[in-house]
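Engineer: First, the structure itself, so that you have it in front of you.
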Amino acid sequence: MAYGPLVIMRDLDFQVRQGEIFVIMGGSGSGKSTLLKHLIGLKKPASGTILFGGQDVETADAAARKGIFRRMGVLYQGGALWSGLTLAENVALPLEVYTDLEAGAVAEIVSLKLALVGLRGFETFYPNEISGGMRKRAALARASALDPEVLFFDEPSSGLDPISASRLDDLIRQLRDSFGTTIIIVSHDLASIFNIADRALFLDITEKTMTALGHPATLRDHPPSVEVRHFLTRSSTNP
Amino acid sequence: MQVDLRRSDRVLTVDIGGDWDIGQAVPRFEHLVRALPAGESIQSIGFDTEDLGQWDSSVLAFLTQALDHCDAHGLEFHSKTLPDEIARLLVLARAVPEQELPPEETPATAVARFGEQGLSAHASAVASITFIGEVGIGFLGLFLRRVRMRWREFWVVVQSNSSGAIGIVTLISFLVGLIIAFLGAVVLRRFGAGYYTSYLVGYGMLREMGALMTGIIMAGRTGAAFAAELGSMKITEEIDALRTLGLSPVEHLVLPRVLGLFLMMPLLVIYADFIGIMGGMMVSVSLLDLSMTQFITGLLTPVTLTDALFGVLKGSVFGLIIGMSGCLRGLQTGQDAGAVGRAATSAVVTAITLIIFANAVMDWLAVLLNV
């Protein structure tokens, strides 16, 4: 991964298993969000390949790419709800693009999706009329509108109070348990990482590569490097 | 997706089988119930999901219909007969939302809407007058050296409205000069007064068109930019950040912009006058067989310095109008993505309307005062 001549990360090699909650962690500026942008196809890797279900996203033709986008959902850091549309219209848009359902059927699924994230009755609200936590949940409803196989989250707990954040974690786990959705989360929120991650990947900013991969508690107890231990135990690097 | 309804002993068993995909329309529960042969009335609904394959939210959508049916007819819903994951999601979907919904608004009557429009017109008039007052006080403070202005911002405005605007002002003024000369050449020649085309070009450009066209160009260019800049800053809370620092957005953002435009507009008008006269001269020389000397003498004899200064004065006034409407609309921007676009549009419309109105008023005053 690189921005022009500036290399952010190199030698990344990992697989995400179906139905697991996979966390990409690391300090600020370590390239977590950049890695996510590569995974969801918004950026091309400077070298190497990213396979989605065995298919190279970069070389796939337009139809195949659309098929891949249909199978994944992304929850952006700020929610990224379309501010000119109501919550219902926000959730309905992916359904209208990718399915031939009638308006009534779409509305039914939209209400269901909003209800699942605790926003029943908020269909006609605009994003700027609700709180930040609600916006995030509405964005989750939109990201999961098509029941994607893979859901990506960019800092899901940022800007949320601890209770809302843990409620969102519960919601994420519920999605995985019920639908078997594969979840990939970019996060630096330790509480959330220990709470939900099956496996976690650590990006080291000084080494410019991944230095750890495994269950967060195991990594904490047997840290492969000082940076990983500092990150997971919240101790300062400069004591 | 397959659904079969079986009835036995007042219990309706719903057989759910096959693969369920969200891309396919869900069967209507009501229709299935209505299609049942008449018999004993049903008291409860249970489920059989033995043959259920792949499933997703579409199953939940179908079950939600069944739940609604049970609620409406007072039937019992046996959620125990459903797989755990599905039952859990149904509970989640039926949970009461944590936040209370605000009460629904009753649709307003025509009289109420009329009144609301009146109130909002009043509010917007008050906001405009307050804003004009704030800017006036800001300028006074600047003059008395009580307000510190951001000079860097001021110079950016000066640059973008001088050298940055030269190209478009040149093109438009030249063409306008050309157009006036064509008018003169055609109409005046009929009376054998083609010579006076130079008078028309000079008087028209200096007194009216130079300032008016520059004003309209700058309204579309700079007024819209001001509104969009301030509007985006409003949306990203940058303006709130200024306020909480104790800085007034008017002093910090509006003054440099309005002052920059107020000082640059007269210069642009002088430049536009010059270019427009050149355009007019080109047409006169080539179409009317006038020499350049004849054109210049014909222009300088009747047209006075007062005419030119009057145009320049108009330019300053237009600069104030454009700067202030751009900034005001920017500060009034709403919260959604379309708001910035609306602010920019409204800034341009307001500025152009006010410019033309002000132009008419100033012409009228000039006639009254015999300037």
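A note on labels: chains of the structure tokens are A, B, ... as shown, every chain counts residues from 1, and ligands are counted from 1 in their shown order.
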Set the cut-off to 8 Å and count only C-alpha atoms: what are the residues of chain A that reach chain B? Output as a list in words.
Structural biologist: Trp82, Ser83, Gly84, Leu95, Tyr98, Thr99, Asp100, Leu101, Glu102, Ala105, Glu108, Ile109, Leu112, Lys113, Ala115, Leu116, Val117, Gly118, Leu119, Arg120, Gly121, Phe122, Asn128, Leu146, Asp147, Asp177, Ser178 and Phe179 of chain A
Engineer: Output C-alpha atoms for every residue in that selection, as an mmCIF file, in the first residue's frame.
Structural biologist:
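So the final result, stored in out36.cif, reads:
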```cif
data_model
loop_
_atom_site.group_PDB
_atom_site.id
_atom_site.type_symbol
_atom_site.label_atom_id
_atom_site.label_comp_id
_atom_site.auth_asym_id
_atom_site.auth_seq_id
_atom_site.Cartn_x
_atom_site.Cartn_y
_atom_site.Cartn_z
ATOM 1 C CA TRP A 82 -26.877 10.555 2.303
ATOM 2 C CA SER A 83 -28.028 13.741 3.964
ATOM 3 C CA GLY A 84 -30.594 14.635 1.327
ATOM 4 C CA LEU A 95 -32.331 -2.607 -2.475
ATOM 5 C CA TYR A 98 -29.692 -4.514 -6.767
ATOM 6 C CA THR A 99 -33.147 -6.118 -6.649
ATOM 7 C CA ASP A 100 -36.354 -5.952 -8.686
ATOM 8 C CA LEU A 101 -38.583 -5.766 -5.632
ATOM 9 C CA GLU A 102 -41.702 -3.629 -5.739
ATOM 10 C CA ALA A 105 -41.726 -5.061 -0.586
ATOM 11 C CA GLU A 108 -41.265 -3.757 4.279
ATOM 12 C CA ILE A 109 -37.601 -4.790 4.326
ATOM 13 C CA LEU A 112 -37.482 -4.453 9.246
ATOM 14 C CA LYS A 113 -33.850 -3.379 8.867
ATOM 15 C CA ALA A 115 -36.332 -2.080 13.481
ATOM 16 C CA LEU A 116 -33.424 -4.523 13.832
ATOM 17 C CA VAL A 117 -31.106 -1.643 14.710
ATOM 18 C CA GLY A 118 -33.629 -0.141 17.127
ATOM 19 C CA LEU A 119 -34.906 2.610 14.860
ATOM 20 C CA ARG A 120 -38.488 1.524 14.363
ATOM 21 C CA GLY A 121 -40.665 4.457 13.363
ATOM 22 C CA PHE A 122 -37.759 6.670 12.265
ATOM 23 C CA ASN A 128 -29.340 15.499 10.600
ATOM 24 C CA LEU A 146 -28.849 -6.612 1.076
ATOM 25 C CA ASP A 147 -27.828 -9.174 3.716
ATOM 26 C CA ASP A 177 -24.483 -15.244 14.852
ATOM 27 C CA SER A 178 -27.785 -15.033 13.011
ATOM 28 C CA PHE A 179 -26.794 -14.522 9.409
#
```
Engineer: Report as an NGL selection string all protein, DNA and RNA residues lying within 10 Å of stretch 313-323 of chain B, evaluated on only C-alpha atoms, omitting residues in the same chain fewer than 2 positions from it.
Structural biologist: :B and (207-208 or 210-216 or 218-227 or 254-270 or 307-311 or 325-328 or 347-348 or 350-356 or 358-359 or 362-363)
Engineer: Any idea what the distance is between atom CA of B:Thr244 and atom CA of B:Ala125?
Structural biologist: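 Distance reported for this atom pair: 26.3 Å.
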Engineer: Find the residues around A:Leu51 up to 10 Å (only C-alpha atoms counted), leave out those fewer than 4 positions away in its own chain, and share them as a list of chain:residue names.
Structural biologist: A:Gln15, A:Leu39, A:Gln55, A:Asp56, A:Val57, A:Glu58
Engineer: What does the distance between atom CA of A:Arg65 and atom CA of A:Leu93 come to in Å, to one decimal place?
Structural biologist: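 Computing the Euclidean distance for atom CA of A:Arg65 and atom CA of A:Leu93 yields 18.3 Å.
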Engineer: List the spatial neighbours of A:Ser47 as an MDAnalysis selection string - criterion: any atom at most 12 Å away, only C-alpha atoms, same-chain residues fewer than 4 positions off excluded.
Structural biologist: chainID A and resid 1:2 7 9:12 38 43 58
Engineer: Using all heavy atoms, can you write the selected residues to a file as a JSON list (two decimals), in the first residue's frame?
Structural biologist:
```json
[["chain", "number", "residue", "atom", "x", "y", "z"],
["A", 1, "MET", "N", 0.85, -1.18, 0.00],
["A", 1, "MET", "CA", 0.00, 0.00, 0.00],
["A", 1, "MET", "C", 0.89, 1.23, 0.00],
["A", 1, "MET", "O", 1.84, 1.31, 0.76],
["A", 1, "MET", "CB", -0.86, 0.05, 1.26],
["A", 1, "MET", "CG", -1.60, -1.23, 1.55],
["A", 1, "MET", "SD", -2.83, -1.00, 2.83],
["A", 1, "MET", "CE", -1.86, -0.23, 4.11],
["A", 2, "ALA", "N", 0.56, 2.19, -0.83],
["A", 2, "ALA", "CA", 1.42, 3.37, -0.92],
["A", 2, "ALA", "C", 0.59, 4.56, -1.39],
["A", 2, "ALA", "O", -0.39, 4.41, -2.10],
["A", 2, "ALA", "CB", 2.57, 3.11, -1.88],
["A", 7, "VAL", "N", 5.47, 4.66, 0.98],
["A", 7, "VAL", "CA", 4.96, 3.32, 1.26],
["A", 7, "VAL", "C", 4.36, 3.31, 2.66],
["A", 7, "VAL", "O", 4.99, 3.73, 3.62],
["A", 7, "VAL", "CB", 6.09, 2.27, 1.15],
["A", 7, "VAL", "CG1", 5.59, 0.91, 1.58],
["A", 7, "VAL", "CG2", 6.61, 2.21, -0.26],
["A", 9, "MET", "N", 2.45, 0.40, 3.99],
["A", 9, "MET", "CA", 2.57, -0.95, 4.54],
["A", 9, "MET", "C", 3.08, -1.87, 3.46],
["A", 9, "MET", "O", 2.75, -1.70, 2.28],
["A", 9, "MET", "CB", 1.18, -1.46, 4.97],
["A", 9, "MET", "CG", 0.69, -0.92, 6.29],
["A", 9, "MET", "SD", 1.42, -1.82, 7.64],
["A", 9, "MET", "CE", 1.50, -0.53, 8.87],
["A", 10, "ARG", "N", 3.87, -2.84, 3.85],
["A", 10, "ARG", "CA", 4.32, -3.82, 2.88],
["A", 10, "ARG", "C", 4.22, -5.22, 3.48],
["A", 10, "ARG", "O", 4.06, -5.38, 4.68],
["A", 10, "ARG", "CB", 5.74, -3.52, 2.42],
["A", 10, "ARG", "CG", 6.78, -3.38, 3.54],
["A", 10, "ARG", "CD", 8.17, -3.42, 2.98],
["A", 10, "ARG", "NE", 8.38, -2.29, 2.07],
["A", 10, "ARG", "CZ", 8.92, -1.13, 2.47],
["A", 10, "ARG", "NH1", 9.27, -0.98, 3.72],
["A", 10, "ARG", "NH2", 9.10, -0.16, 1.62],
["A", 11, "ASP", "N", 4.31, -6.22, 2.61],
["A", 11, "ASP", "CA", 4.31, -7.63, 3.03],
["A", 11, "ASP", "C", 3.11, -7.99, 3.90],
["A", 11, "ASP", "O", 3.25, -8.60, 4.95],
["A", 11, "ASP", "CB", 5.60, -7.97, 3.80],
["A", 11, "ASP", "CG", 6.85, -7.67, 2.97],
["A", 11, "ASP", "OD1", 6.73, -7.76, 1.74],
["A", 11, "ASP", "OD2", 7.89, -7.35, 3.56],
["A", 12, "LEU", "N", 1.94, -7.59, 3.46],
["A", 12, "LEU", "CA", 0.74, -7.99, 4.20],
["A", 12, "LEU", "C", 0.21, -9.29, 3.58],
["A", 12, "LEU", "O", 0.05, -9.37, 2.37],
["A", 12, "LEU", "CB", -0.34, -6.91, 4.11],
["A", 12, "LEU", "CG", -0.02, -5.58, 4.78],
["A", 12, "LEU", "CD1", -1.16, -4.61, 4.57],
["A", 12, "LEU", "CD2", 0.22, -5.79, 6.25],
["A", 38, "HIS", "N", -8.41, -0.45, 0.63],
["A", 38, "HIS", "CA", -7.96, -1.44, -0.35],
["A", 38, "HIS", "C", -8.89, -2.65, -0.36],
["A", 38, "HIS", "O", -9.24, -3.15, -1.42],
["A", 38, "HIS", "CB", -6.54, -1.90, -0.01],
["A", 38, "HIS", "CG", -5.48, -0.90, -0.39],
["A", 38, "HIS", "ND1", -5.19, 0.18, 0.40],
["A", 38, "HIS", "CD2", -4.69, -0.80, -1.48],
["A", 38, "HIS", "CE1", -4.23, 0.89, -0.19],
["A", 38, "HIS", "NE2", -3.92, 0.33, -1.33],
["A", 43, "LYS", "N", -9.30, 1.57, -3.32],
["A", 43, "LYS", "CA", -7.91, 1.86, -3.69],
["A", 43, "LYS", "C", -7.27, 0.60, -4.22],
["A", 43, "LYS", "O", -7.62, -0.50, -3.80],
["A", 43, "LYS", "CB", -7.12, 2.33, -2.46],
["A", 43, "LYS", "CG", -7.29, 3.78, -2.13],
["A", 43, "LYS", "CD", -6.33, 4.14, -1.01],
["A", 43, "LYS", "CE", -6.49, 5.59, -0.63],
["A", 43, "LYS", "NZ", -6.22, 6.49, -1.74],
["A", 58, "GLU", "N", -9.41, -6.46, -8.44],
["A", 58, "GLU", "CA", -8.84, -5.47, -9.36],
["A", 58, "GLU", "C", -9.04, -5.86, -10.82],
["A", 58, "GLU", "O", -9.34, -5.03, -11.66],
["A", 58, "GLU", "CB", -7.35, -5.34, -9.05],
["A", 58, "GLU", "CG", -6.78, -4.00, -9.43],
["A", 58, "GLU", "CD", -5.29, -3.98, -9.20],
["A", 58, "GLU", "OE1", -4.82, -4.65, -8.25],
["A", 58, "GLU", "OE2", -4.60, -3.33, -9.97]]
```
Engineer: Applying 9 Å and only C-alpha atoms, which residues near B:Asp48 remain after dropping the ones on its own chain fewer than 3 positions away? List them as a list of chain:residue names.
Structural biologist: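 Listing them by chain and then by number gives B:Thr13, B:Val14, B:Asp15, B:Ile16, B:Gly17, B:Asp51, B:Leu52, B:Thr81, B:Leu82.
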Engineer: Calculated over only C-alpha atoms, which of the candidates A:Leu81, A:Leu75, A:Ala92, A:Leu6 has the smallest distance to A:Ile130?
Structural biologist: A:Leu81
Engineer: Write out as a PDB file with N, CA and C atoms, in the first residue's frame each polymer residue whose atoms come within 9 Å of A:Asp189, counting only C-alpha atoms; drop sequence neighbours fewer than 6 positions from it.
Structural biologist:
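Wrote selection.pdb, looks like this:
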```
ATOM      1  N   MET A  25      -6.202  -3.800  13.779  1.00  0.00           N
ATOM      2  CA  MET A  25      -5.919  -2.793  14.800  1.00  0.00           C
ATOM      3  C   MET A  25      -4.533  -2.194  14.586  1.00  0.00           C
ATOM      4  N   GLU A 155     -13.920   1.987  12.229  1.00  0.00           N
ATOM      5  CA  GLU A 155     -14.028   2.603  13.565  1.00  0.00           C
ATOM      6  C   GLU A 155     -15.482   2.684  14.029  1.00  0.00           C
ATOM      7  N   SER A 157     -16.896   2.313  16.816  1.00  0.00           N
ATOM      8  CA  SER A 157     -17.214   2.911  18.121  1.00  0.00           C
ATOM      9  C   SER A 157     -16.771   4.361  18.230  1.00  0.00           C
ATOM     10  N   SER A 158     -16.156   4.928  17.173  1.00  0.00           N
ATOM     11  CA  SER A 158     -15.692   6.308  17.302  1.00  0.00           C
ATOM     12  C   SER A 158     -16.878   7.250  17.414  1.00  0.00           C
TER      13      SER A 158
END
```
Engineer: Could you pull the residues within 9 Å of B:Glu30, counting only C-alpha atoms, minus those fewer than 4 positions along the same chain, as a tab-separated table (two decimals) with N, CA and C atoms, in the first residue's frame?
Structural biologist:
```
chain	number	residue	atom	x	y	z
B	34	ARG	N	-56.16	-15.97	3.48
B	34	ARG	CA	-57.46	-15.82	2.83
B	34	ARG	C	-57.76	-17.00	1.89
B	35	ALA	N	-56.68	-17.58	1.34
B	35	ALA	CA	-56.85	-18.67	0.39
B	35	ALA	C	-57.18	-19.99	1.07
B	65	GLN	N	-44.88	-10.10	8.93
B	65	GLN	CA	-46.27	-10.06	8.47
B	65	GLN	C	-47.15	-10.97	9.32
B	66	ALA	N	-46.61	-12.19	9.58
B	66	ALA	CA	-47.38	-13.14	10.37
B	66	ALA	C	-47.64	-12.59	11.78
B	69	HIS	N	-50.28	-10.05	11.67
B	69	HIS	CA	-51.58	-10.71	11.53
B	69	HIS	C	-52.06	-11.20	12.89
```
Engineer: Write out as a VMD selection string all residues of stretch 21-175 of chain A that backbone DSSP assigns to strand (DSSP E or B).
Structural biologist: chain A and resid 21 to 26 51 to 52 55 to 56 72 to 76 79 150 to 154
Engineer: Kindly export the residues of the current selection with N, CA, C and O atoms, as a compact mmCIF listing (two decimals), in the first residue's frame.
Structural biologist:
```
# COMPACT_ATOMS: atom_id res chain seq x y z
N ILE A 21 -15.23 -12.69 13.12
CA ILE A 21 -15.12 -11.26 13.34
C ILE A 21 -13.64 -10.94 13.39
O ILE A 21 -12.93 -11.39 14.30
N PHE A 22 -13.18 -10.23 12.38
CA PHE A 22 -11.76 -10.00 12.16
C PHE A 22 -11.47 -8.52 12.40
O PHE A 22 -12.11 -7.67 11.79
N VAL A 23 -10.57 -8.22 13.31
CA VAL A 23 -10.30 -6.82 13.62
C VAL A 23 -8.92 -6.43 13.10
O VAL A 23 -7.96 -7.17 13.28
N ILE A 24 -8.87 -5.30 12.42
CA ILE A 24 -7.58 -4.73 12.00
C ILE A 24 -7.29 -3.62 12.99
O ILE A 24 -8.03 -2.65 13.08
N MET A 25 -6.20 -3.80 13.78
CA MET A 25 -5.92 -2.79 14.80
C MET A 25 -4.53 -2.19 14.59
O MET A 25 -3.71 -2.72 13.84
N GLY A 26 -4.30 -1.09 15.26
CA GLY A 26 -3.02 -0.39 15.12
C GLY A 26 -3.21 1.04 15.55
O GLY A 26 -4.34 1.50 15.72
N LEU A 51 -7.99 -10.94 -2.90
CA LEU A 51 -8.99 -11.88 -3.43
C LEU A 51 -10.24 -11.83 -2.57
O LEU A 51 -10.17 -11.85 -1.35
N PHE A 52 -11.38 -11.79 -3.25
CA PHE A 52 -12.67 -11.82 -2.56
C PHE A 52 -13.36 -13.10 -3.00
O PHE A 52 -13.77 -13.21 -4.15
N GLN A 55 -11.74 -14.38 -6.00
CA GLN A 55 -11.80 -13.55 -7.20
C GLN A 55 -10.97 -12.28 -6.98
O GLN A 55 -11.11 -11.64 -5.95
N ASP A 56 -10.11 -11.94 -7.93
CA ASP A 56 -9.31 -10.73 -7.79
C ASP A 56 -10.18 -9.52 -8.10
O ASP A 56 -10.71 -9.38 -9.21
N MET A 72 -21.04 -7.28 -0.41
CA MET A 72 -20.43 -6.68 0.76
C MET A 72 -21.11 -5.37 1.15
O MET A 72 -21.76 -4.73 0.33
N GLY A 73 -20.98 -5.05 2.43
CA GLY A 73 -21.54 -3.80 2.91
C GLY A 73 -20.48 -3.07 3.72
O GLY A 73 -19.63 -3.71 4.32
N VAL A 74 -20.52 -1.75 3.69
CA VAL A 74 -19.50 -0.97 4.39
C VAL A 74 -20.18 0.04 5.31
O VAL A 74 -21.12 0.73 4.90
N LEU A 75 -19.71 0.10 6.54
CA LEU A 75 -20.17 1.14 7.46
C LEU A 75 -19.02 2.12 7.64
O LEU A 75 -18.00 1.78 8.21
N TYR A 76 -19.19 3.32 7.11
CA TYR A 76 -18.12 4.31 7.16
C TYR A 76 -18.07 4.97 8.53
O TYR A 76 -19.03 4.94 9.28
N GLY A 79 -20.67 7.36 9.35
CA GLY A 79 -21.98 6.90 8.94
C GLY A 79 -22.17 7.09 7.44
O GLY A 79 -22.60 6.19 6.75
N VAL A 150 -20.20 -10.17 3.60
CA VAL A 150 -19.11 -9.54 4.35
C VAL A 150 -19.50 -8.12 4.69
O VAL A 150 -20.00 -7.39 3.84
N LEU A 151 -19.29 -7.75 5.95
CA LEU A 151 -19.57 -6.38 6.37
C LEU A 151 -18.27 -5.76 6.87
O LEU A 151 -17.56 -6.35 7.68
N PHE A 152 -17.96 -4.57 6.35
CA PHE A 152 -16.76 -3.85 6.78
C PHE A 152 -17.17 -2.70 7.69
O PHE A 152 -18.14 -2.01 7.40
N PHE A 153 -16.41 -2.50 8.75
CA PHE A 153 -16.69 -1.40 9.67
C PHE A 153 -15.44 -0.56 9.83
O PHE A 153 -14.38 -1.09 10.15
N ASP A 154 -15.55 0.75 9.64
CA ASP A 154 -14.42 1.64 9.89
C ASP A 154 -14.68 2.34 11.22
O ASP A 154 -15.56 3.19 11.31
```
Engineer: Using DSSP on the backbone coordinates, identify all residues within stretch 147-193 of chain A classified as alpha helix (DSSP H); present the result as a ChimeraX atom specification.
Structural biologist: /A:162-179,190-193
Engineer: Quick one: distance from atom CA of A:Ile8 to atom CA of A:Val228 in Å, one decimal?
Structural biologist: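 Taking atom CA of A:Ile8 and atom CA of A:Val228, their separation equals 18.2 Å.
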